[in-house]
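Remarks on the structure that follows.
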Amino acid sequence: MIKAKKNLGIVLFPAFDWAISETHPEREERLLYTKDQLFEEGIGDIEGIKFFNPLVAKKEDVERVHFCVPNVGDRVTKSHLVSVGGAIRAAEAVSMGEVDKAFALIRPPGHHAHKMVYGDRGFCIVNMEAIMIEHMRKSNPGLKVAIIDSDCHHGDGTQDIYWNDKNILFISFHQDGRTLYPGTGSINELGGPSAYGYNLNIPLPPGTGDEGFLHVLDNVILPVLDEYKPDIIINSAGQDNHYSDPLTNMNFTARGYATLNERLNPDIAVLEGGYSIEGALPYINLGIILAMAGIDYSNVAEPDLYTQNLKQSPEITSYIEEVSKVVYNKWKNRHKLRKDMYEGKNYLEKDAQIYYDTDGIMDRQKQGFHICDKCAGLNTIESKSSSGFYVFAISIPIGSCKKCLDKGYKMYKEASLNKFTNVYLQDRVNDRYLKEGKIGGLYRV
Amino acid sequence: MLIGLDVGGTNIDAIIIRDGKIINKVKSPLYGKELLDSILDTLDRLLEGYEKSQIKRVNLSTTICTNAIVKNEISSVGMLIQSGPGLPTKGLSCGNANHFLAGSIDHRGRVTEDLDADEISQAIKEFKDKKIDHCAVVTKFSTRNPKVEIKIKDMLDEHFDFITTGHSISGKLNFPRRVYTSYLNSAVYSTFKDFADKIEESFARQGINAPIYILKADGGTMDLNSARQKPVESILSGPAASFMGMEALLPIDGDSIFLDIGGTTTDIFFLVNGSPLFEEEGIKIDRYKTLVRSIYSVSIGLGGDSRIKIEDGKLEIGPDKEARPYCQGGENPTPTDAMLALGLMEDGDWERARYIMDDMGRRLNKSGDDMANLILDTMGDIIKDKIDSLLEEINSKPVYTVKEVLYSKKVRPEYINIIGGPAKSLAAVLERKLGLTCNFPRNYHIANAVGAGLAKATLDITLMADTEQGFITIPELNIHENIKGEYSLQMAKEQAVSLLVNHINLLDNELRITEKDIEITEESSFNMVDGFYTRGQNIRVEAQVKPGLIHTLRSE
Ligand SMILES: [Zn+2]
Ligand SMILES: [Zn+2]
């Protein structure tokens, strides 16, 4: 009988009754073969592996992270609340000591969902990891978390949410944004004034294989984690770096994914993208589960693995070595770089354009960062969407000082509904969420 | 006339049922003799004075295979295992020789790497050298494509007495369990075959020409020939016999709890909408988790003969037991003494029971009556705590759809049925503790034989159709064939139902199974998409002939 070295909880929620549309990659069939593979392997009989059901997330769980316009009920379906409830259950299983580690095999995914939510982008509406983390931080506000986004697409939503929060280290490696959706994720996107250097991107060239991914892990991610010393490591576990993924151009293998998880040793993994549902997902998910549970995964292999040419070219290898060096140096010099950028300033603005590919909405944002010497400072978003909303939203981060807290409420009170259609206040100090404005054509104050 | 016979741990119970009434019953102790001789002796006693030609059927619940496995009195088995990529193979070895074969099948049943015939020839030679006559052949995903297993079996057939193929054992996905179950099936084949041959022989000698059926752990029966091919299905059928007996003797509508409280243990069962709850995958025997379908039952070490201890002023009951209650000549107090002392039972020396309760009560500054009541109360608490935790487990069984997360039905028992010696004495306590009505039958002590006697055939099947590849597979019925023309979920369900009805009626035409006896337990259909085009449907249906009774005996 096989025994897990580390107790692993699995939330397997394939949402067999939910799809974006009938033939969309994010459809009912996506985790069907993964479930078959896990059942045939008898994963549930392994001593130390336990399955959990998702719970249903609440409105407040979403409001802790997002400004849903006009409100949570209009933007977020029950399916999303169950999927994110799966991530929350996984985190609870770990924090309550039911298991050592947990893997939330849930869909739909969430890492393209930004703080402001008008609709579906990149198959995501709400951010699974962020809602899960904020649920944990509710009872443990000092928690230090590292998110490693191993999806092939840049985790632009997670980056946006944690842009100015240095208690959440975000590292994303992905296919270079110049060659793939969503286009962002360059090495120069390093974070806001309170968290500069705590947002790291490692863009990789098409054709990167096991060797390249593991190089980035060993030479950037693990050294940074060693220095950052997070309380919890989360793998935002997209599986579209696989050589057979139809949407991307990388050469990662199931065993490569397993090795990555063995070395990264995450406390929680949350499934993100990955659309090679027959040829990759069953094997990657099996590999991740075995690696997390400390079980030998050397026998995990895709049926066509040995017919593929996955060797990475020397040019790619040296490019990756170079990028890794540059990013690691940015981390090393983050305090100095921050000083150069922000010293003497008390307010900063950043423009952003966010396109909702699935729903065809364009959002033009002016993000404001108020710099405070006592706390992380207020953040604001002024956002104009092509769907007809003009929003002003204020975030008072966890641990804000009294002055910033009062200032946040004052800004909320003064924001005029003559100018904006909707105004939001996210008060993380008191876990309070206020909003006023237009709902479906009607004004309610 | 129907004969029901249940072999338990210490006794054999046998009954004759005629026209819905129990007309004779016999209990005989099980020691010293061979199991087969004990069974035949019991039947002789049972049938004395009855016309043997009147017997229409004989249902047997036997421990022959269970004992063989637990005592390790089984045949040598040669294993041929094709495990393909995935988990390490080290946990899979069982039996006396294991050959891990090259080749693989994927989750959709496609052969992704071929078999190496030389490996089979080597295995045959090695097994022969080791004087192995029984084999089992199991490939990963054989339930999706049994052809490789069949091909290997064909190569082995002329060399060995008996070969189990994994797909014929169960259509469920769980490769390790399929390996162990196939192994056990081949390991008990000879033991069961000898038993079945001798039973048939001696029945024939005595002029009994009725068909013989064997009880399974799922509460159903199988005919003797099917049992010879799948003897592993006969293991651990004892709790199922009691369960079916309870069903014959008591009402079972809605959600309920069923308790079988004996001398040593209390078995806990649940009914949902009047149907038994099953083990999620299969029953565990010895160190093997199997795919043998079984009624869900959990046994706790608590009964009339349990040992009672006082630790730090707190009462502890079980899981150990006394040889016999104090009132029946034992050395220490037991729950039976408490029941007798309170006048809730008759068997035993009332004076002794009173004495030992008074004696124990003094240690806790209680009267003998209070002591006895505290014992019953504590038993009630133990049972209630266990039921609560089991229900929590049952109600968190995995779900895979949004609909199920939001709306799935929770099991909420509305009443309790109890059988067994202490049943009557504990009913009032349990009613109070659980806040539910308790029912108990008069004839509780032969419930197991009643259950064995009245059980009907069961069968469950797993159908999968892949319309892109154009095949349909039902491993339990050895069906793996091409789909002709259109195929849909609706057609799959209809096919499953009619196959089950025909199959059972062919084996046991007395039962006259109809579509109403069939339950679809799972159904799903997935669009398989390539790019933006639907290339077919992946259809899955699970269906069962529900365990049922030839008739009930509610008047008992
Ligand atoms: Zn992706
Ligand atoms: Zn401040």
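Ligands are numbered from 1 in the order shown, residues from 1 within each chain, and chains are lettered A, B, ... in the order they appear in the structure tokens.
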All residues 9 Å or closer to region 342-356 of chain B, only C-alpha atoms, same chain fewer than 4 positions away omitted, as a list in words: Pro325, Tyr326, Cys327, Gln328, Gly329, Asn332, Pro333, Thr336, Asp337, Ala338, Met360, Gly361, Gly368, Asp369, Ala372, Asn373, Gly421, Pro422, Lys424, Ser425 and Leu426 of chain B
Residues at most 8 Å from Leu8 (chain A), counting only C-alpha atoms, excluding those fewer than 5 positions away in the same chain, as a ChimeraX atom specification? /A:48-50,99-103,289,292-293
Protein and nucleic residues near ligand 2, 9 Å, only C-alpha atoms and all ligand atoms, as a PDB file with all heavy atoms, in the first residue's frame:
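The result, written out as result.pdb:
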ATOM      1  N   HIS A 370      -1.734  56.665  -2.608  1.00  0.00           N
ATOM      2  CA  HIS A 370      -1.397  57.693  -1.611  1.00  0.00           C
ATOM      3  C   HIS A 370      -0.310  57.128  -0.718  1.00  0.00           C
ATOM      4  O   HIS A 370      -0.480  56.078  -0.119  1.00  0.00           O
ATOM      5  CB  HIS A 370      -2.641  58.048  -0.789  1.00  0.00           C
ATOM      6  CG  HIS A 370      -3.735  58.646  -1.621  1.00  0.00           C
ATOM      7  ND1 HIS A 370      -3.990  59.997  -1.637  1.00  0.00           N
ATOM      8  CD2 HIS A 370      -4.612  58.075  -2.485  1.00  0.00           C
ATOM      9  CE1 HIS A 370      -5.001  60.224  -2.476  1.00  0.00           C
ATOM     10  NE2 HIS A 370      -5.387  59.081  -3.004  1.00  0.00           N
ATOM     11  N   ILE A 371       0.816  57.815  -0.667  1.00  0.00           N
ATOM     12  CA  ILE A 371       1.945  57.291   0.099  1.00  0.00           C
ATOM     13  C   ILE A 371       1.899  57.855   1.516  1.00  0.00           C
ATOM     14  O   ILE A 371       1.710  59.052   1.714  1.00  0.00           O
ATOM     15  CB  ILE A 371       3.276  57.658  -0.596  1.00  0.00           C
ATOM     16  CG1 ILE A 371       3.266  57.046  -2.008  1.00  0.00           C
ATOM     17  CG2 ILE A 371       4.471  57.168   0.219  1.00  0.00           C
ATOM     18  CD1 ILE A 371       4.397  57.471  -2.893  1.00  0.00           C
ATOM     19  N   CYS A 372       1.981  56.942   2.493  1.00  0.00           N
ATOM     20  CA  CYS A 372       1.906  57.343   3.901  1.00  0.00           C
ATOM     21  C   CYS A 372       3.130  56.776   4.603  1.00  0.00           C
ATOM     22  O   CYS A 372       3.528  55.655   4.309  1.00  0.00           O
ATOM     23  CB  CYS A 372       0.619  56.791   4.512  1.00  0.00           C
ATOM     24  SG  CYS A 372       0.537  56.943   6.302  1.00  0.00           S
ATOM     25  N   ASP A 373       3.745  57.527   5.515  1.00  0.00           N
ATOM     26  CA  ASP A 373       4.934  56.971   6.160  1.00  0.00           C
ATOM     27  C   ASP A 373       4.593  56.054   7.331  1.00  0.00           C
ATOM     28  O   ASP A 373       5.438  55.400   7.889  1.00  0.00           O
ATOM     29  CB  ASP A 373       5.917  58.083   6.574  1.00  0.00           C
ATOM     30  CG  ASP A 373       5.229  59.180   7.348  1.00  0.00           C
ATOM     31  OD1 ASP A 373       4.048  58.984   7.726  1.00  0.00           O
ATOM     32  OD2 ASP A 373       5.856  60.230   7.581  1.00  0.00           O
ATOM     33  N   LYS A 374       3.284  56.002   7.704  1.00  0.00           N
ATOM     34  CA  LYS A 374       2.899  55.134   8.824  1.00  0.00           C
ATOM     35  C   LYS A 374       2.288  53.810   8.352  1.00  0.00           C
ATOM     36  O   LYS A 374       2.241  52.843   9.100  1.00  0.00           O
ATOM     37  CB  LYS A 374       1.876  55.856   9.707  1.00  0.00           C
ATOM     38  CG  LYS A 374       2.458  57.012  10.502  1.00  0.00           C
ATOM     39  CD  LYS A 374       1.626  57.278  11.751  1.00  0.00           C
ATOM     40  CE  LYS A 374       2.032  58.562  12.439  1.00  0.00           C
ATOM     41  NZ  LYS A 374       1.814  59.781  11.587  1.00  0.00           N
ATOM     42  N   CYS A 375       1.748  53.803   7.148  1.00  0.00           N
ATOM     43  CA  CYS A 375       1.100  52.570   6.669  1.00  0.00           C
ATOM     44  C   CYS A 375       1.248  52.448   5.156  1.00  0.00           C
ATOM     45  O   CYS A 375       1.943  53.250   4.536  1.00  0.00           O
ATOM     46  CB  CYS A 375      -0.380  52.554   7.081  1.00  0.00           C
ATOM     47  SG  CYS A 375      -1.404  53.729   6.179  1.00  0.00           S
ATOM     48  N   ALA A 376       0.595  51.415   4.598  1.00  0.00           N
ATOM     49  CA  ALA A 376       0.739  51.158   3.162  1.00  0.00           C
ATOM     50  C   ALA A 376       0.066  52.231   2.304  1.00  0.00           C
ATOM     51  O   ALA A 376       0.366  52.377   1.120  1.00  0.00           O
ATOM     52  CB  ALA A 376       0.169  49.789   2.811  1.00  0.00           C
ATOM     53  N   GLY A 377      -0.855  52.996   2.882  1.00  0.00           N
ATOM     54  CA  GLY A 377      -1.491  54.097   2.160  1.00  0.00           C
ATOM     55  C   GLY A 377      -2.716  53.688   1.378  1.00  0.00           C
ATOM     56  O   GLY A 377      -2.859  52.541   0.959  1.00  0.00           O
ATOM     57  N   LEU A 378      -3.605  54.658   1.177  1.00  0.00           N
ATOM     58  CA  LEU A 378      -4.847  54.406   0.449  1.00  0.00           C
ATOM     59  C   LEU A 378      -4.570  54.171  -1.030  1.00  0.00           C
ATOM     60  O   LEU A 378      -3.653  54.748  -1.599  1.00  0.00           O
ATOM     61  CB  LEU A 378      -5.760  55.629   0.534  1.00  0.00           C
ATOM     62  CG  LEU A 378      -6.315  56.030   1.896  1.00  0.00           C
ATOM     63  CD1 LEU A 378      -7.170  57.284   1.730  1.00  0.00           C
ATOM     64  CD2 LEU A 378      -7.149  54.895   2.458  1.00  0.00           C
ATOM     65  N   GLY A 399      -4.220  47.143   8.080  1.00  0.00           N
ATOM     66  CA  GLY A 399      -3.155  47.808   8.834  1.00  0.00           C
ATOM     67  C   GLY A 399      -3.032  49.298   8.571  1.00  0.00           C
ATOM     68  O   GLY A 399      -2.011  49.903   8.921  1.00  0.00           O
ATOM     69  N   SER A 400      -4.043  49.893   7.942  1.00  0.00           N
ATOM     70  CA  SER A 400      -3.957  51.326   7.670  1.00  0.00           C
ATOM     71  C   SER A 400      -3.980  52.133   8.969  1.00  0.00           C
ATOM     72  O   SER A 400      -4.599  51.730   9.950  1.00  0.00           O
ATOM     73  CB  SER A 400      -5.142  51.775   6.801  1.00  0.00           C
ATOM     74  OG  SER A 400      -4.982  51.264   5.497  1.00  0.00           O
ATOM     75  N   CYS A 401      -3.315  53.298   8.935  1.00  0.00           N
ATOM     76  CA  CYS A 401      -3.305  54.141  10.129  1.00  0.00           C
ATOM     77  C   CYS A 401      -4.636  54.893  10.224  1.00  0.00           C
ATOM     78  O   CYS A 401      -5.403  54.966   9.275  1.00  0.00           O
ATOM     79  CB  CYS A 401      -2.124  55.104  10.097  1.00  0.00           C
ATOM     80  SG  CYS A 401      -2.283  56.385   8.833  1.00  0.00           S
ATOM     81  N   LYS A 402      -4.886  55.458  11.406  1.00  0.00           N
ATOM     82  CA  LYS A 402      -6.139  56.163  11.680  1.00  0.00           C
ATOM     83  C   LYS A 402      -6.361  57.295  10.664  1.00  0.00           C
ATOM     84  O   LYS A 402      -7.467  57.497  10.156  1.00  0.00           O
ATOM     85  CB  LYS A 402      -6.061  56.707  13.123  1.00  0.00           C
ATOM     86  CG  LYS A 402      -7.215  57.560  13.576  1.00  0.00           C
ATOM     87  CD  LYS A 402      -8.397  56.691  14.022  1.00  0.00           C
ATOM     88  CE  LYS A 402      -9.490  57.481  14.719  1.00  0.00           C
ATOM     89  NZ  LYS A 402     -10.150  58.487  13.892  1.00  0.00           N
ATOM     90  N   LYS A 403      -5.271  57.993  10.359  1.00  0.00           N
ATOM     91  CA  LYS A 403      -5.373  59.134   9.453  1.00  0.00           C
ATOM     92  C   LYS A 403      -5.844  58.691   8.065  1.00  0.00           C
ATOM     93  O   LYS A 403      -6.746  59.288   7.468  1.00  0.00           O
ATOM     94  CB  LYS A 403      -4.002  59.831   9.349  1.00  0.00           C
ATOM     95  CG  LYS A 403      -4.084  61.341   9.212  1.00  0.00           C
ATOM     96  CD  LYS A 403      -2.689  61.954   9.206  1.00  0.00           C
ATOM     97  CE  LYS A 403      -2.256  62.248   7.766  1.00  0.00           C
ATOM     98  NZ  LYS A 403      -0.808  62.413   7.604  1.00  0.00           N
ATOM     99  N   CYS A 404      -5.249  57.606   7.584  1.00  0.00           N
ATOM    100  CA  CYS A 404      -5.622  57.101   6.258  1.00  0.00           C
ATOM    101  C   CYS A 404      -7.052  56.562   6.267  1.00  0.00           C
ATOM    102  O   CYS A 404      -7.800  56.721   5.301  1.00  0.00           O
ATOM    103  CB  CYS A 404      -4.656  56.019   5.797  1.00  0.00           C
ATOM    104  SG  CYS A 404      -3.023  56.678   5.403  1.00  0.00           S
ATOM    105  N   LEU A 405      -7.411  55.917   7.388  1.00  0.00           N
ATOM    106  CA  LEU A 405      -8.763  55.375   7.507  1.00  0.00           C
ATOM    107  C   LEU A 405      -9.786  56.510   7.402  1.00  0.00           C
ATOM    108  O   LEU A 405     -10.739  56.441   6.616  1.00  0.00           O
ATOM    109  CB  LEU A 405      -8.899  54.655   8.851  1.00  0.00           C
ATOM    110  CG  LEU A 405     -10.215  53.932   9.133  1.00  0.00           C
ATOM    111  CD1 LEU A 405     -10.335  52.694   8.259  1.00  0.00           C
ATOM    112  CD2 LEU A 405     -10.307  53.514  10.597  1.00  0.00           C
TER     113      LEU A 405
END
Within 9 Å of ligand 1, which residues show up when you count only C-alpha atoms and all ligand atoms? List them as a list in words, please. Pro109, His111, His112, Gly122, Ser150, Asp151, Cys152, His153, His154, Gly155, His174, Tyr181, Gly238, Gln239, Asp240, Asn241, Leu247, Thr248, Glu272, Gly273, Gly274 and Tyr275 of chain A
Check: which chain B residues lie within 7 Å of chain A using only C-alpha atoms, as a PyMOL selection string: chain B and resi 85-88+91+107+112+141+173-176+396+398-402+526-529+532-533
Keeping only N, CA and C atoms, take the residues you just selected and write them out as a compact mmCIF listing (two decimals), in the first residue's frame.
# COMPACT_ATOMS: atom_id res chain seq x y z
N PRO B 85 1.62 4.15 -17.31
CA PRO B 85 2.18 5.28 -16.55
C PRO B 85 1.27 5.64 -15.39
N GLY B 86 1.85 6.23 -14.36
CA GLY B 86 1.05 6.67 -13.21
C GLY B 86 1.73 6.38 -11.90
N LEU B 87 0.97 5.88 -10.95
CA LEU B 87 1.49 5.60 -9.62
C LEU B 87 2.58 4.54 -9.68
N PRO B 88 3.48 4.53 -8.69
CA PRO B 88 4.47 3.46 -8.63
C PRO B 88 3.77 2.11 -8.49
N GLY B 91 3.04 -0.98 -4.68
CA GLY B 91 1.95 -1.38 -3.80
C GLY B 91 1.03 -2.44 -4.40
N HIS B 107 -7.09 6.85 -20.55
CA HIS B 107 -8.39 7.03 -19.90
C HIS B 107 -9.56 6.92 -20.86
N THR B 112 -2.18 2.87 -25.97
CA THR B 112 -1.15 3.85 -26.30
C THR B 112 0.23 3.21 -26.39
N PHE B 141 -7.19 0.83 -16.78
CA PHE B 141 -8.27 1.25 -17.69
C PHE B 141 -8.86 0.09 -18.51
N LEU B 173 -13.82 2.54 -11.93
CA LEU B 173 -12.43 2.92 -12.09
C LEU B 173 -11.73 2.85 -10.73
N ASN B 174 -10.82 1.94 -10.58
CA ASN B 174 -9.92 1.91 -9.43
C ASN B 174 -9.00 0.72 -9.63
N PHE B 175 -7.89 1.03 -10.28
CA PHE B 175 -6.97 -0.03 -10.72
C PHE B 175 -6.42 -0.85 -9.54
N PRO B 176 -5.90 -0.20 -8.48
CA PRO B 176 -5.37 -1.03 -7.39
C PRO B 176 -6.43 -1.97 -6.81
N SER B 396 -20.93 14.41 3.62
CA SER B 396 -19.92 15.20 2.90
C SER B 396 -19.31 14.37 1.78
N PRO B 398 -18.25 13.22 -1.84
CA PRO B 398 -17.87 14.14 -2.90
C PRO B 398 -19.00 14.43 -3.90
N VAL B 399 -19.08 15.68 -4.32
CA VAL B 399 -20.01 16.06 -5.38
C VAL B 399 -19.23 16.80 -6.45
N TYR B 400 -19.75 16.75 -7.67
CA TYR B 400 -18.97 17.26 -8.79
C TYR B 400 -19.71 18.28 -9.64
N THR B 401 -20.90 18.67 -9.21
CA THR B 401 -21.62 19.68 -9.97
C THR B 401 -22.04 20.82 -9.05
N VAL B 402 -22.24 21.98 -9.65
CA VAL B 402 -22.69 23.14 -8.90
C VAL B 402 -24.05 22.83 -8.26
N PHE B 526 -21.16 14.08 -21.85
CA PHE B 526 -20.28 15.21 -22.09
C PHE B 526 -20.05 15.39 -23.58
N ASN B 527 -20.13 16.63 -24.04
CA ASN B 527 -19.70 16.93 -25.40
C ASN B 527 -18.20 16.85 -25.46
N MET B 528 -17.67 16.10 -26.40
CA MET B 528 -16.23 16.12 -26.59
C MET B 528 -15.94 17.06 -27.75
N VAL B 529 -15.08 18.05 -27.48
CA VAL B 529 -14.88 19.13 -28.44
C VAL B 529 -13.45 19.13 -28.92
N PHE B 532 -13.27 23.99 -32.25
CA PHE B 532 -14.61 24.49 -31.98
C PHE B 532 -15.69 23.55 -32.51
N TYR B 533 -15.32 22.30 -32.74
CA TYR B 533 -16.30 21.35 -33.27
C TYR B 533 -16.54 20.20 -32.29
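If you count only C-alpha atoms and ignore residues fewer than 4 places along the chain from Glu436 (chain A), what sits within 12 Å of it is Phe67, Val69, Pro70, Asn71, Val391, Phe392, Ala393, Tyr412, Lys413, Ala415, Ser416, Leu417, Asn418, Phe420, Thr421, Asn422, Val423, Tyr424, Leu425, Leu442, Tyr443, Arg444 and Val445 of chain A.
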May I have the residues from that selection written out with C-alpha atoms, as a PDB file, in the first residue's frame?
ATOM      1  CA  PHE A  67     -15.190  45.964  -6.715  1.00  0.00           C
ATOM      2  CA  VAL A  69     -19.790  46.655 -10.801  1.00  0.00           C
ATOM      3  CA  PRO A  70     -22.558  47.265 -10.070  1.00  0.00           C
ATOM      4  CA  ASN A  71     -22.534  44.551  -7.363  1.00  0.00           C
ATOM      5  CA  VAL A 391     -16.616  54.327 -11.003  1.00  0.00           C
ATOM      6  CA  PHE A 392     -14.647  55.743  -8.129  1.00  0.00           C
ATOM      7  CA  ALA A 393     -13.364  53.102  -5.687  1.00  0.00           C
ATOM      8  CA  TYR A 412     -16.031  58.184  -0.073  1.00  0.00           C
ATOM      9  CA  LYS A 413     -18.441  60.751   1.376  1.00  0.00           C
ATOM     10  CA  ALA A 415     -17.231  61.428  -4.130  1.00  0.00           C
ATOM     11  CA  SER A 416     -20.163  62.827  -6.022  1.00  0.00           C
ATOM     12  CA  LEU A 417     -22.800  60.712  -7.681  1.00  0.00           C
ATOM     13  CA  ASN A 418     -23.264  63.648 -10.036  1.00  0.00           C
ATOM     14  CA  PHE A 420     -19.650  59.041 -10.963  1.00  0.00           C
ATOM     15  CA  THR A 421     -22.256  56.371 -11.635  1.00  0.00           C
ATOM     16  CA  ASN A 422     -20.922  54.235  -8.753  1.00  0.00           C
ATOM     17  CA  VAL A 423     -18.768  54.803  -5.695  1.00  0.00           C
ATOM     18  CA  TYR A 424     -17.194  52.046  -3.571  1.00  0.00           C
ATOM     19  CA  LEU A 425     -15.336  51.853  -0.301  1.00  0.00           C
ATOM     20  CA  LEU A 442     -31.632  52.840 -11.587  1.00  0.00           C
ATOM     21  CA  TYR A 443     -29.900  55.066  -9.097  1.00  0.00           C
ATOM     22  CA  ARG A 444     -30.012  53.977  -5.515  1.00  0.00           C
ATOM     23  CA  VAL A 445     -28.339  55.973  -2.800  1.00  0.00           C
TER      24      VAL A 445
END
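Between CA of Trp163 (chain A) and CA of His114 (chain A) there is a distance of 10.6 Å.
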Which of region 112-322 of chain A counts as strand (DSSP E) under DSSP, as number ranges by chain please? A: 116-117, 145-149, 168-175, 199-204, 232-237, 268-271
Test item: residues at most 9 Å from region 482-498 of chain B, only C-alpha atoms, excluding those fewer than 3 positions along its chain, as a ChimeraX atom specification: /B:461-467,469-474,501-503,514-515,518-520,523-525,537,539-545
What is the distance between CA of His99 (chain B) and CA of Ala258 (chain A), in Å to one decimal?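 CA of His99 (chain B) sits 27.6 Å away from CA of Ala258 (chain A).
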Which of region 152-324 of chain B fall in alpha helix (DSSP H), as a PyMOL selection string: chain B and resi 152-156+166-169+175-205+224-229+238-249
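Considering only C-alpha atoms, the residue among B:Lys403, B:Arg432, B:Arg287, B:Arg535 positioned nearest to Glu468 (chain B) is B:Arg535.
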